[in-house]
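Text of data-v3.txt, listed as compact mmCIF, C-alpha atoms:
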# COMPACT_ATOMS: atom_id res chain seq x y z
CA MET I 1 96.43 119.87 58.93
CA SER I 2 97.74 118.12 62.04
CA SER I 3 98.15 121.41 63.90
CA ARG I 4 94.57 122.39 63.03
CA LEU I 5 93.27 119.05 64.33
CA ALA I 6 95.27 119.44 67.52
CA SER I 7 93.86 122.93 68.01
CA VAL I 8 90.28 121.70 67.50
CA SER I 9 90.92 118.81 69.90
CA ARG I 10 92.22 121.17 72.62
CA ARG I 11 89.20 123.45 72.26
CA ALA I 12 86.85 120.44 72.47
CA LEU I 13 88.53 119.16 75.62
CA SER I 14 88.37 122.57 77.25
CA ARG I 15 84.62 122.66 76.69
CA ARG I 16 84.05 119.32 78.41
CA ILE I 17 85.18 120.53 81.84
CA PRO I 18 83.78 124.01 82.57
CA LEU I 19 86.05 126.53 84.27
CA GLY I 20 85.48 126.59 88.00
CA THR I 21 84.25 122.99 88.18
CA ARG I 22 85.43 121.43 91.43
CA SER I 23 87.65 118.39 90.91
CA VAL I 24 87.52 115.40 93.19
CA GLN I 25 90.57 115.03 95.44
CA VAL I 26 92.84 112.16 94.35
CA THR I 27 95.72 112.43 96.79
CA ALA I 28 96.40 109.48 99.07
CA ASP I 29 97.18 111.37 102.29
CA SER I 30 94.68 114.24 102.68
CA THR I 31 92.62 112.71 105.53
CA ARG I 32 92.94 114.38 108.94
CA LEU I 33 92.85 112.90 112.42
CA SER I 34 89.80 114.18 114.36
CA SER I 35 89.96 112.20 117.62
CA GLU I 36 92.79 110.47 119.42
CA PRO I 37 93.29 106.73 118.81
CA GLY I 38 92.99 104.43 121.82
CA GLU I 39 93.18 100.66 122.09
CA PRO I 40 93.74 98.69 118.82
CA SER I 41 90.03 97.80 118.53
CA GLN I 42 88.70 101.14 119.82
CA PRO I 43 87.15 103.32 117.08
CA PHE I 44 88.41 106.84 116.49
CA THR I 45 87.36 109.46 113.97
CA VAL I 46 89.16 110.81 110.92
CA THR I 47 87.93 113.47 108.51
CA LEU I 48 88.27 113.16 104.75
CA ASP I 49 89.17 116.13 102.56
CA GLU I 50 86.13 118.21 101.60
CA ASN I 51 86.79 117.40 97.92
CA THR I 52 86.87 113.63 98.39
CA PHE I 53 83.38 113.12 96.90
CA LYS I 54 81.14 114.67 94.26
CA GLY I 55 77.48 113.81 93.89
CA TYR I 56 74.94 113.62 91.07
CA ARG I 57 71.25 113.55 92.02
CA THR I 58 72.20 112.45 95.55
CA GLU I 59 73.94 113.41 98.77
CA THR I 60 77.59 112.43 99.08
CA PRO I 61 78.96 110.19 101.85
CA GLY I 62 79.85 111.81 105.15
CA LEU I 63 83.41 113.05 105.57
CA GLU I 64 83.81 111.79 109.13
CA VAL I 65 84.85 108.12 109.19
CA SER I 66 85.13 105.79 112.16
CA VAL I 67 88.17 103.48 111.98
CA THR I 68 90.36 101.50 114.33
CA LYS I 69 94.07 100.83 114.55
CA GLU I 70 93.32 97.21 113.68
CA ASN I 71 91.46 98.35 110.53
CA LEU I 72 94.29 100.49 109.23
CA LEU I 73 97.02 97.94 109.93
CA GLU I 74 94.97 95.20 108.28
CA TRP I 75 94.37 97.39 105.22
CA TYR I 76 98.08 98.18 105.03
CA LYS I 77 98.96 94.50 105.20
CA ASP I 78 96.42 93.61 102.52
CA MET I 79 97.55 96.38 100.15
CA SER I 80 101.17 95.38 100.61
CA LEU I 81 100.31 91.74 99.88
CA MET I 82 98.31 92.61 96.78
CA ARG I 83 101.06 94.78 95.34
CA LYS I 84 103.73 92.18 95.94
CA MET I 85 101.52 89.49 94.39
CA GLU I 86 101.04 91.61 91.27
CA GLN I 87 104.74 92.39 91.08
CA ALA I 88 105.50 88.67 91.36
CA ALA I 89 103.07 87.98 88.52
CA GLY I 90 104.79 90.62 86.43
CA ALA I 91 108.19 89.06 87.10
CA MET I 92 106.94 85.59 86.10
CA TYR I 93 105.43 87.02 82.93
CA GLN I 94 108.75 88.63 82.01
CA ALA I 95 110.43 85.28 82.68
CA LYS I 96 107.94 83.74 80.20
CA LEU I 97 106.46 81.48 82.87
CA ILE I 98 103.10 83.22 82.44
CA ARG I 99 101.80 83.37 78.88
CA GLY I 100 98.91 85.13 77.20
CA PHE I 101 97.23 88.11 78.80
CA CYS I 102 98.16 89.55 82.19
CA HIS I 103 96.58 92.77 83.48
CA LEU I 104 98.04 94.07 86.74
CA ALA I 105 96.48 96.45 89.26
CA VAL I 106 99.64 98.00 90.69
CA GLY I 107 98.62 101.46 91.92
CA GLN I 108 94.95 100.57 92.35
CA GLU I 109 95.25 98.52 95.57
CA ALA I 110 93.16 100.94 97.64
CA ILE I 111 90.07 100.07 95.62
CA ALA I 112 90.15 96.29 96.12
CA VAL I 113 91.07 96.54 99.81
CA GLY I 114 88.65 99.39 100.50
CA PHE I 115 85.85 97.47 98.79
CA ASN I 116 86.41 94.31 100.76
CA SER I 117 86.47 96.23 104.04
CA SER I 118 82.88 97.47 103.54
CA MET I 119 81.28 94.41 101.91
CA SER I 120 79.52 91.64 103.77
CA GLN I 121 80.61 88.03 103.37
CA ASP I 122 77.59 87.33 101.15
CA ASP I 123 77.73 90.42 98.92
CA LYS I 124 78.67 89.71 95.30
CA LEU I 125 81.31 91.35 93.11
CA ILE I 126 82.02 91.01 89.39
CA THR I 127 84.66 92.85 87.40
CA SER I 128 86.75 92.70 84.24
CA TYR I 129 90.24 91.29 83.80
CA ARG I 130 92.23 93.50 86.24
CA CYS I 131 90.91 91.25 88.95
CA HIS I 132 93.66 89.45 90.87
CA PRO I 133 93.37 91.38 94.20
CA PHE I 134 89.57 91.01 94.23
CA ALA I 135 89.91 87.25 93.66
CA VAL I 136 92.14 86.87 96.71
CA LEU I 137 90.18 89.17 99.00
CA ARG I 138 86.82 87.62 98.12
CA GLY I 139 87.77 84.12 99.19
CA GLY I 140 90.68 83.04 97.00
CA THR I 141 94.38 82.68 97.78
CA ILE I 142 97.57 84.19 96.44
CA LYS I 143 98.81 80.71 95.53
CA GLY I 144 95.52 80.01 93.74
CA VAL I 145 95.75 83.18 91.64
CA LEU I 146 99.42 82.74 90.72
CA ALA I 147 99.00 79.04 89.93
CA GLU I 148 96.06 79.92 87.67
CA LEU I 149 98.20 82.46 85.83
CA LEU I 150 100.83 79.75 85.39
CA GLY I 151 98.22 77.28 84.09
CA ARG I 152 98.71 74.80 86.94
CA GLN I 153 96.33 72.42 88.72
CA ALA I 154 96.59 74.39 91.98
CA GLY I 155 95.00 77.38 90.27
CA MET I 156 91.60 78.65 91.34
CA SER I 157 90.15 77.35 88.05
CA ASN I 158 92.44 74.30 88.03
CA GLY I 159 94.80 75.96 85.59
CA LYS I 160 92.27 76.10 82.77
CA GLY I 161 90.93 79.64 83.03
CA GLY I 162 93.74 82.14 83.44
CA SER I 163 93.34 85.56 85.01
CA MET I 164 90.09 86.30 83.16
CA HIS I 165 88.31 83.24 84.59
CA ILE I 166 88.88 83.18 88.35
CA PHE I 167 85.88 82.70 90.62
CA THR I 168 84.76 82.19 94.23
CA PRO I 169 81.22 81.77 95.60
CA THR I 170 80.92 85.58 95.91
CA PHE I 171 83.34 86.68 93.17
CA PHE I 172 82.13 86.20 89.61
CA GLY I 173 85.35 86.99 87.74
CA GLY I 174 87.46 88.13 85.89
CA ASN I 175 85.67 88.58 82.51
CA GLY I 176 87.52 88.99 79.23
CA ILE I 177 84.92 90.70 77.04
CA VAL I 178 85.02 94.46 77.57
CA GLY I 179 81.87 95.60 79.38
CA ALA I 180 80.17 92.19 79.26
CA GLN I 181 80.31 91.79 83.04
CA VAL I 182 77.98 94.78 83.56
CA PRO I 183 74.73 93.10 82.42
CA LEU I 184 75.91 89.93 84.19
CA GLY I 185 76.22 91.92 87.40
CA ALA I 186 72.70 93.27 86.94
CA GLY I 187 71.53 89.69 86.48
CA ILE I 188 73.24 88.52 89.66
CA SER I 189 71.57 91.37 91.52
CA PHE I 190 68.20 90.47 89.99
CA ALA I 191 68.59 86.84 91.11
CA ASP I 192 69.40 87.83 94.69
CA LYS I 193 66.45 90.23 94.83
CA TYR I 194 64.16 87.55 93.36
CA MET I 195 65.28 85.16 96.10
CA ASN I 196 64.83 87.80 98.83
CA LYS I 197 68.51 87.87 99.77
CA ASN I 198 69.64 90.89 101.75
CA THR I 199 72.78 91.41 99.68
CA VAL I 200 74.30 93.93 97.26
CA THR I 201 76.04 93.22 93.96
CA PHE I 202 78.96 95.45 93.02
CA THR I 203 79.45 95.53 89.25
CA LEU I 204 82.80 96.97 88.24
CA TYR I 205 84.03 98.17 84.85
CA GLY I 206 86.73 100.51 83.58
CA ASP I 207 86.55 103.86 81.87
CA GLY I 208 87.48 102.03 78.66
CA ALA I 209 84.22 100.06 78.86
CA ALA I 210 82.05 103.00 79.87
CA ASN I 211 80.86 103.72 76.32
CA GLN I 212 79.61 100.19 75.66
CA GLY I 213 75.94 99.98 74.74
CA GLN I 214 75.36 97.00 77.01
CA VAL I 215 76.46 99.11 79.98
CA PHE I 216 73.61 101.57 79.42
CA GLU I 217 71.14 98.75 78.76
CA ALA I 218 72.08 97.25 82.13
CA PHE I 219 71.64 100.66 83.79
CA ASN I 220 68.14 100.92 82.32
CA MET I 221 67.03 97.46 83.48
CA ALA I 222 68.51 97.95 86.94
CA LYS I 223 66.60 101.21 87.36
CA LEU I 224 63.37 99.75 85.98
CA TRP I 225 63.52 96.83 88.40
CA ASN I 226 64.98 98.82 91.32
CA LEU I 227 67.85 96.36 91.72
CA PRO I 228 70.27 96.47 94.70
CA CYS I 229 73.18 96.86 92.29
CA VAL I 230 76.05 99.34 92.57
CA PHE I 231 77.71 100.01 89.21
CA VAL I 232 81.33 101.00 89.74
CA CYS I 233 83.61 102.67 87.20
CA GLU I 234 87.30 102.31 88.00
CA ASN I 235 88.55 105.35 86.13
CA ASN I 236 92.32 104.94 85.87
CA LYS I 237 92.42 107.66 83.19
CA TYR I 238 93.35 105.40 80.26
CA GLY I 239 91.29 102.78 78.40
CA MET I 240 94.15 100.68 77.01
CA GLY I 241 96.24 103.45 75.41
CA THR I 242 93.50 106.04 74.99
CA SER I 243 92.96 108.77 77.56
CA ALA I 244 89.44 109.31 78.87
CA GLU I 245 89.34 112.77 77.29
CA ARG I 246 90.01 111.35 73.84
CA SER I 247 87.35 108.63 74.07
CA SER I 248 84.47 110.15 76.04
CA ALA I 249 82.48 113.35 75.48
CA ASN I 250 81.48 113.21 79.16
CA THR I 251 84.35 112.09 81.39
CA GLU I 252 82.36 112.44 84.61
CA TYR I 253 81.28 108.82 84.48
CA TYR I 254 79.29 109.00 87.71
CA THR I 255 76.77 111.28 85.94
CA ARG I 256 76.09 108.91 83.06
CA GLY I 257 73.33 106.82 84.63
CA ASP I 258 70.55 109.23 83.59
CA LEU I 259 68.03 108.71 86.42
CA ILE I 260 70.47 106.65 88.48
CA PRO I 261 72.22 108.84 91.08
CA GLY I 262 76.00 108.84 91.11
CA ILE I 263 79.01 109.56 93.32
CA GLN I 264 82.59 110.27 92.28
CA ALA I 265 85.23 109.40 94.87
CA ASN I 266 88.95 109.47 95.50
CA GLY I 267 90.23 106.00 94.60
CA MET I 268 93.77 106.55 95.88
CA ASP I 269 92.83 106.82 99.58
CA VAL I 270 91.71 103.51 101.08
CA ILE I 271 89.71 105.30 103.80
CA ALA I 272 87.76 107.22 101.14
CA VAL I 273 87.07 103.99 99.23
CA HIS I 274 85.91 102.29 102.41
CA GLN I 275 83.52 105.15 103.17
CA ALA I 276 82.15 105.37 99.61
CA VAL I 277 81.45 101.62 99.40
CA LYS I 278 79.87 101.61 102.88
CA HIS I 279 77.56 104.46 101.81
CA ALA I 280 76.70 102.74 98.51
CA ARG I 281 75.93 99.45 100.24
CA GLU I 282 73.59 101.15 102.71
CA TRP I 283 71.89 102.93 99.80
CA ALA I 284 71.25 99.69 97.90
CA LEU I 285 69.99 97.86 100.99
CA SER I 286 67.53 100.69 101.68
CA ASP I 287 65.53 99.74 98.57
CA LYS I 288 66.61 102.91 96.75
CA GLY I 289 67.63 101.01 93.64
CA PRO I 290 70.94 101.13 91.77
CA LEU I 291 73.74 103.64 92.31
CA LEU I 292 76.77 104.63 90.23
CA LEU I 293 80.19 104.97 91.84
CA GLU I 294 83.22 106.32 90.01
CA PHE I 295 86.63 105.92 91.62
CA VAL I 296 89.33 108.16 90.19
CA THR I 297 92.50 106.09 90.36
CA TYR I 298 95.69 105.34 88.42
CA ARG I 299 97.59 102.29 87.20
CA TYR I 300 101.37 102.48 87.18
CA GLY I 301 101.93 99.82 84.53
CA GLY I 302 100.53 99.47 81.06
CA HIS I 303 97.09 98.18 80.18
CA SER I 304 98.59 94.69 80.13
CA MET I 305 102.09 93.28 80.35
CA SER I 306 102.48 93.68 76.59
CA ASP I 307 101.94 97.44 76.91
CA PRO I 308 104.93 99.47 78.16
CA GLY I 309 102.50 102.19 79.25
CA THR I 310 104.72 105.06 78.13
CA THR I 311 103.71 105.65 74.52
CA TYR I 312 100.55 107.58 75.44
CA ARG I 313 101.73 109.19 78.68
CA THR I 314 105.09 110.41 79.92
CA ARG I 315 107.39 108.62 82.33
CA GLU I 316 107.34 111.81 84.38
CA GLU I 317 103.56 111.53 84.81
CA VAL I 318 103.83 107.97 86.09
CA GLN I 319 106.69 108.85 88.41
CA ARG I 320 104.81 111.85 89.77
CA MET I 321 101.83 109.66 90.63
CA ARG I 322 104.06 107.05 92.26
CA SER I 323 105.87 109.61 94.39
CA THR I 324 102.96 111.86 95.40
CA GLN I 325 99.73 109.85 95.29
CA ASP I 326 100.65 106.25 96.04
CA PRO I 327 97.86 104.58 98.08
CA ILE I 328 100.21 102.46 100.19
CA LYS I 329 102.52 105.37 101.00
CA GLY I 330 99.47 107.45 101.86
CA LEU I 331 98.20 104.90 104.37
CA GLN I 332 101.73 104.49 105.74
CA LYS I 333 101.81 108.24 106.41
CA TYR I 334 98.51 108.08 108.29
CA ILE I 335 99.68 105.18 110.44
CA GLU I 336 102.98 106.82 111.34
CA ASP I 337 101.66 110.37 111.80
CA TRP I 338 98.77 109.19 113.98
CA GLY I 339 101.10 107.12 116.18
CA LEU I 340 99.55 103.76 115.29
CA ALA I 341 102.79 101.99 114.36
CA SER I 342 106.40 102.85 113.67
CA GLU I 343 108.18 102.83 110.34
CA GLU I 344 110.12 99.77 111.51
CA THR I 345 106.87 97.89 112.25
CA LEU I 346 105.53 98.63 108.78
CA LYS I 347 108.81 97.57 107.18
CA GLU I 348 108.55 94.27 109.04
CA MET I 349 104.99 93.86 107.73
CA ASP I 350 106.26 94.47 104.19
CA LYS I 351 108.99 91.88 104.76
CA GLN I 352 106.43 89.33 105.94
CA ALA I 353 104.20 90.10 102.96
CA LYS I 354 107.09 89.48 100.57
CA ALA I 355 107.92 86.19 102.28
CA GLU I 356 104.28 85.08 102.00
CA VAL I 357 104.14 85.93 98.30
CA ASP I 358 107.52 84.31 97.62
CA ALA I 359 106.33 81.09 99.26
CA ALA I 360 103.12 81.18 97.20
CA VAL I 361 105.16 81.64 94.01
CA GLU I 362 107.26 78.56 94.74
CA GLU I 363 104.22 76.44 95.61
CA ALA I 364 102.46 77.58 92.44
CA LYS I 365 105.50 76.69 90.32
CA GLN I 366 105.64 73.21 91.82
CA SER I 367 102.05 72.45 90.89
CA LEU I 368 101.56 70.27 87.81
CA GLU I 369 99.90 71.32 84.58
CA PRO I 370 96.39 69.93 83.92
CA GLU I 371 96.29 66.46 82.42
CA LEU I 372 94.65 65.66 79.09
CA LYS I 373 91.68 64.07 80.85
CA ASP I 374 91.06 67.34 82.68
CA LEU I 375 89.95 68.94 79.42
CA TRP I 376 86.63 67.12 79.80
CA THR I 377 85.91 68.39 83.32
CA ASP I 378 84.41 71.63 84.65
CA ILE I 379 82.28 72.11 81.54
CA TYR I 380 78.94 71.50 83.24
CA PHE I 381 77.82 72.04 86.81
CA ALA I 382 78.56 68.87 88.80
CA GLY I 383 75.79 66.33 88.34
CA THR I 384 74.36 67.88 85.18
CA GLU I 385 76.84 66.45 82.65
CA PRO I 386 75.48 64.74 79.53
CA SER I 387 76.31 61.08 78.93
CA PHE I 388 79.01 62.01 76.43
CA MET I 389 80.81 65.02 74.96
CA ARG I 390 82.14 65.48 71.43
CA GLY I 391 85.62 66.90 71.01
CA ARG I 392 87.29 68.74 68.16
CA GLU I 393 86.32 66.09 65.63
CA ARG I 394 83.27 63.89 65.28
CA GLU I 395 85.26 60.78 66.13
CA GLU I 396 86.62 62.31 69.34
CA ILE I 397 84.02 61.28 71.92
CA HIS I 398 84.36 61.37 75.69
CA HIS I 399 81.92 59.31 77.77
CA TYR I 400 81.24 60.37 81.35
Would you encode the structure as structure tokens?
Amino acid sequence: MSSRLASVSRRALSRRIPLGTRSVQVTADSTRLSSEPGEPSQPFTVTLDENTFKGYRTETPGLEVSVTKENLLEWYKDMSLMRKMEQAAGAMYQAKLIRGFCHLAVGQEAIAVGFNSSMSQDDKLITSYRCHPFAVLRGGTIKGVLAELLGRQAGMSNGKGGSMHIFTPTFFGGNGIVGAQVPLGAGISFADKYMNKNTVTFTLYGDGAANQGQVFEAFNMAKLWNLPCVFVCENNKYGMGTSAERSSANTEYYTRGDLIPGIQANGMDVIAVHQAVKHAREWALSDKGPLLLEFVTYRYGGHSMSDPGTTYRTREEVQRMRSTQDPIKGLQKYIEDWGLASEETLKEMDKQAKAEVDAAVEEAKQSLEPELKDLWTDIYFAGTEPSFMRGREREEIHHY
């Protein structure tokens, strides 16, 4: 019986992706230099691989991208910092200093850094729980994220939220309910449009959330109201321990918006992410309504720290991705091959990034845990608190 089921499953999977269908490029180092770099702030042109993007009901972003030496070095520094921060969080979790849930984005750094490079200061972003790099890049700090994971007062939510409840004025979390951030993102976009703000809301979710009913309801409302909202699927191939092919009849998530156009992009090349987000932002600001973006990416670790990540995929698969498609190594290759910086310079940047993260770890550890009285704060927006609040029992009353 099991062999018959396996045979049926293989035939079903083969029907989902027709023979001859062009696959989006997911290597981290396929971009070519098109014009010679000059001064650090002087733009030069690079050309993305012709298979970097695929479109549905729309044109794809241009393949020629204008960048500077300063851009690429800044992106390298940021990706190095984000990876070392996540690795530090993983180490503290293994040391049992961090408890509960901890979802790391090691391997997906190009998405967070590429996003931030193309967003304005006032644009909004909301995502699920694999959110630590976004929290830092959208106005937070490494110390604030790590202290929050440790449950300390120096955390971005004063140690009371954890990784699923980290916020800044333009970053709306970190949300723990699978897919629930998608209608919230549509609502944020609706509010900004209602108030005539010239901003875009980027609403991120994973392939594991892509089959949620509320996702499609949000798509429908966004299209009806022509919202400046870009829905973004971070497709890292596995929703928890289930591959996309086992969970979704249509694994081309960028085509699932019905009347909403979509673009699939390489999520392992930071230059490709930068270009895709820039294109999507311009689309939304042109009053064209919502757009779907799907970034094909990969996480090296498990779904969370409690998942070894090797029961549903092979160690060889993970190692192959690390060695051939790593986003940081890909950008390093560009920088060295294009004569922007030497290997020694990049190693020094990595060393500085590690020192910065190590210092943040120590500062976060030294922060105190919230006090009992802090349980009664941050429940209501400042100035709107009621005169009293009931606790766990009727007799437990706190007066403000």
What does the distance from CA of Val182 in chain I to CA of Ser247 in chain I come to in Å, to one decimal?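 One can read the CA of Val182 in chain I to CA of Ser247 in chain I distance as 19.2 Å.
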Find, counting all atoms listed in the file, the residue in I:Gly262, I:Gln366, I:Gly62, I:Val232 that gets nearest to Gly155 in chain I. I:Gln366
Would you compute the distance between CA of Glu294 in chain I and CA of Met156 in chain I? Give it in Å to one decimal.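 Taking CA of Glu294 in chain I and CA of Met156 in chain I, their separation equals 28.9 Å.
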Residues within 8 Å of range 281-286 of chain I, only C-alpha atoms, excluding chain neighbours under 4 positions, as a compact mmCIF listing (two decimals) with C-alpha atoms, keeping the file's coordinate frame:
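Produced file out-v4.txt, reproduced below:
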# COMPACT_ATOMS: atom_id res chain seq x y z
CA SER I 118 82.88 97.47 103.54
CA MET I 119 81.28 94.41 101.91
CA ASN I 198 69.64 90.89 101.75
CA THR I 199 72.78 91.41 99.68
CA VAL I 200 74.30 93.93 97.26
CA LEU I 227 67.85 96.36 91.72
CA PRO I 228 70.27 96.47 94.70
CA CYS I 229 73.18 96.86 92.29
CA VAL I 230 76.05 99.34 92.57
CA VAL I 277 81.45 101.62 99.40
CA PRO I 290 70.94 101.13 91.77
CA LEU I 291 73.74 103.64 92.31
Pairwise distance for CA of Asn116 in chain I and CA of Tyr254 in chain I, rounded to one decimal in Å: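 Rounded to one decimal, the two atoms are 20.9 Å apart.
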Listing only residues of range 234-341 of chain I within 8 Å of range 39-52 of chain I, what is the closest atom pair and its distance in Å (to one decimal) for each, using only C-alpha atoms, sorted by chain and residue number ascending, as JSON lines?
{"residue": "I:Ala265", "atom": "CA", "partner": "I:Thr52", "partner_atom": "CA", "distance": 5.7}
{"residue": "I:Asn266", "atom": "CA", "partner": "I:Thr52", "partner_atom": "CA", "distance": 5.5}
{"residue": "I:Ala272", "atom": "CA", "partner": "I:Leu48", "partner_atom": "CA", "distance": 7.0}
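The residue set within 8 Å of Arg83 in chain I, counting all atoms listed in the file and dropping same-chain residues fewer than 5 places from it, reads I:Ala105, I:Val106, I:Gly107, I:Glu109.
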Local residues around (106.9, 88.6, 101.9), at most 12 Å away, using all atoms listed in the file, as a PyMOL selection string: chain I and resi 77-78+80-85+87-88+142+347-361
As a PDB file with C-alpha atoms, keeping the file's coordinate frame, please: the residues near Met389 in chain I (cut-off 12 Å, all atoms listed in the file, same-chain neighbours under 6 positions excluded).
ATOM      1  CA  LEU I 375      89.950  68.940  79.420  1.00  0.00           C
ATOM      2  CA  TRP I 376      86.630  67.120  79.800  1.00  0.00           C
ATOM      3  CA  THR I 377      85.910  68.390  83.320  1.00  0.00           C
ATOM      4  CA  ILE I 379      82.280  72.110  81.540  1.00  0.00           C
ATOM      5  CA  TYR I 380      78.940  71.500  83.240  1.00  0.00           C
ATOM      6  CA  GLU I 395      85.260  60.780  66.130  1.00  0.00           C
ATOM      7  CA  GLU I 396      86.620  62.310  69.340  1.00  0.00           C
ATOM      8  CA  ILE I 397      84.020  61.280  71.920  1.00  0.00           C
ATOM      9  CA  HIS I 398      84.360  61.370  75.690  1.00  0.00           C
ATOM     10  CA  HIS I 399      81.920  59.310  77.770  1.00  0.00           C
ATOM     11  CA  TYR I 400      81.240  60.370  81.350  1.00  0.00           C
TER      12      TYR I 400
END
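When only C-alpha atoms are used to measure the gap to Lys69 in chain I, the shortest distance among I:Ala218, I:Gly90, I:Glu36, I:Asn196 belongs to I:Glu36.
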Closest to Cys131 in chain I among I:Asn175, I:Asn211, I:Asn250, I:Ser157, using all atoms listed in the file?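 Ranked by minimum distance to Cys131 in chain I, first place goes to I:Asn175.
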Residues around (104.4, 104.0, 79.5), cut-off 12 Å, counting all atoms listed in the file - what are they as a compact mmCIF listing (two decimals) with C-alpha atoms, in the frame of the given file?
# COMPACT_ATOMS: atom_id res chain seq x y z
CA TYR I 238 93.35 105.40 80.26
CA MET I 240 94.15 100.68 77.01
CA GLY I 241 96.24 103.45 75.41
CA THR I 242 93.50 106.04 74.99
CA ARG I 299 97.59 102.29 87.20
CA TYR I 300 101.37 102.48 87.18
CA GLY I 301 101.93 99.82 84.53
CA GLY I 302 100.53 99.47 81.06
CA HIS I 303 97.09 98.18 80.18
CA SER I 304 98.59 94.69 80.13
CA MET I 305 102.09 93.28 80.35
CA SER I 306 102.48 93.68 76.59
CA ASP I 307 101.94 97.44 76.91
CA PRO I 308 104.93 99.47 78.16
CA GLY I 309 102.50 102.19 79.25
CA THR I 310 104.72 105.06 78.13
CA THR I 311 103.71 105.65 74.52
CA TYR I 312 100.55 107.58 75.44
CA ARG I 313 101.73 109.19 78.68
CA THR I 314 105.09 110.41 79.92
CA ARG I 315 107.39 108.62 82.33
CA GLU I 316 107.34 111.81 84.38
CA GLU I 317 103.56 111.53 84.81
CA VAL I 318 103.83 107.97 86.09
CA GLN I 319 106.69 108.85 88.41
As a PyMOL selection string, please: the residues near Thr27 in chain I (cut-off 10 Å, all atoms listed in the file, same-chain neighbours under 5 positions excluded). chain I and resi 49+52+266-269+297+321+324-327+330
Selected residues written out with C-alpha atoms, as a PDB file, in the frame of the given file:
ATOM      1  CA  ASP I  49      89.170 116.130 102.560  1.00  0.00           C
ATOM      2  CA  THR I  52      86.870 113.630  98.390  1.00  0.00           C
ATOM      3  CA  ASN I 266      88.950 109.470  95.500  1.00  0.00           C
ATOM      4  CA  GLY I 267      90.230 106.000  94.600  1.00  0.00           C
ATOM      5  CA  MET I 268      93.770 106.550  95.880  1.00  0.00           C
ATOM      6  CA  ASP I 269      92.830 106.820  99.580  1.00  0.00           C
ATOM      7  CA  THR I 297      92.500 106.090  90.360  1.00  0.00           C
ATOM      8  CA  MET I 321     101.830 109.660  90.630  1.00  0.00           C
ATOM      9  CA  THR I 324     102.960 111.860  95.400  1.00  0.00           C
ATOM     10  CA  GLN I 325      99.730 109.850  95.290  1.00  0.00           C
ATOM     11  CA  ASP I 326     100.650 106.250  96.040  1.00  0.00           C
ATOM     12  CA  PRO I 327      97.860 104.580  98.080  1.00  0.00           C
ATOM     13  CA  GLY I 330      99.470 107.450 101.860  1.00  0.00           C
TER      14      GLY I 330
END
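Nearest to Leu125 in chain I of all the residues I:Phe388, I:Tyr298, I:Phe172, I:Tyr56 is I:Phe172, based on only C-alpha atoms.
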Find the residues near Ile188 in chain I: any atom within 8 Å, counting all atoms listed in the file, skip ones fewer than 3 places away on the same chain, and give them as a list in words. Lys124, Leu184, Gly185, Ala191, Asp192 and Thr201 of chain I
C-alpha atoms of the current selection, written as a short mmCIF file (atom, residue, chain, number, x, y, z; two decimals), keeping the file's coordinate frame:
data_model
loop_
_atom_site.label_atom_id
_atom_site.label_comp_id
_atom_site.auth_asym_id
_atom_site.auth_seq_id
_atom_site.Cartn_x
_atom_site.Cartn_y
_atom_site.Cartn_z
CA LYS I 124 78.67 89.71 95.30
CA LEU I 184 75.91 89.93 84.19
CA GLY I 185 76.22 91.92 87.40
CA ALA I 191 68.59 86.84 91.11
CA ASP I 192 69.40 87.83 94.69
CA THR I 201 76.04 93.22 93.96
#
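Checking I:Ala112, I:Leu72, I:Leu340, I:Leu346 one by one against Phe295 in chain I, counting all atoms listed in the file, you find the shortest gap at I:Ala112.
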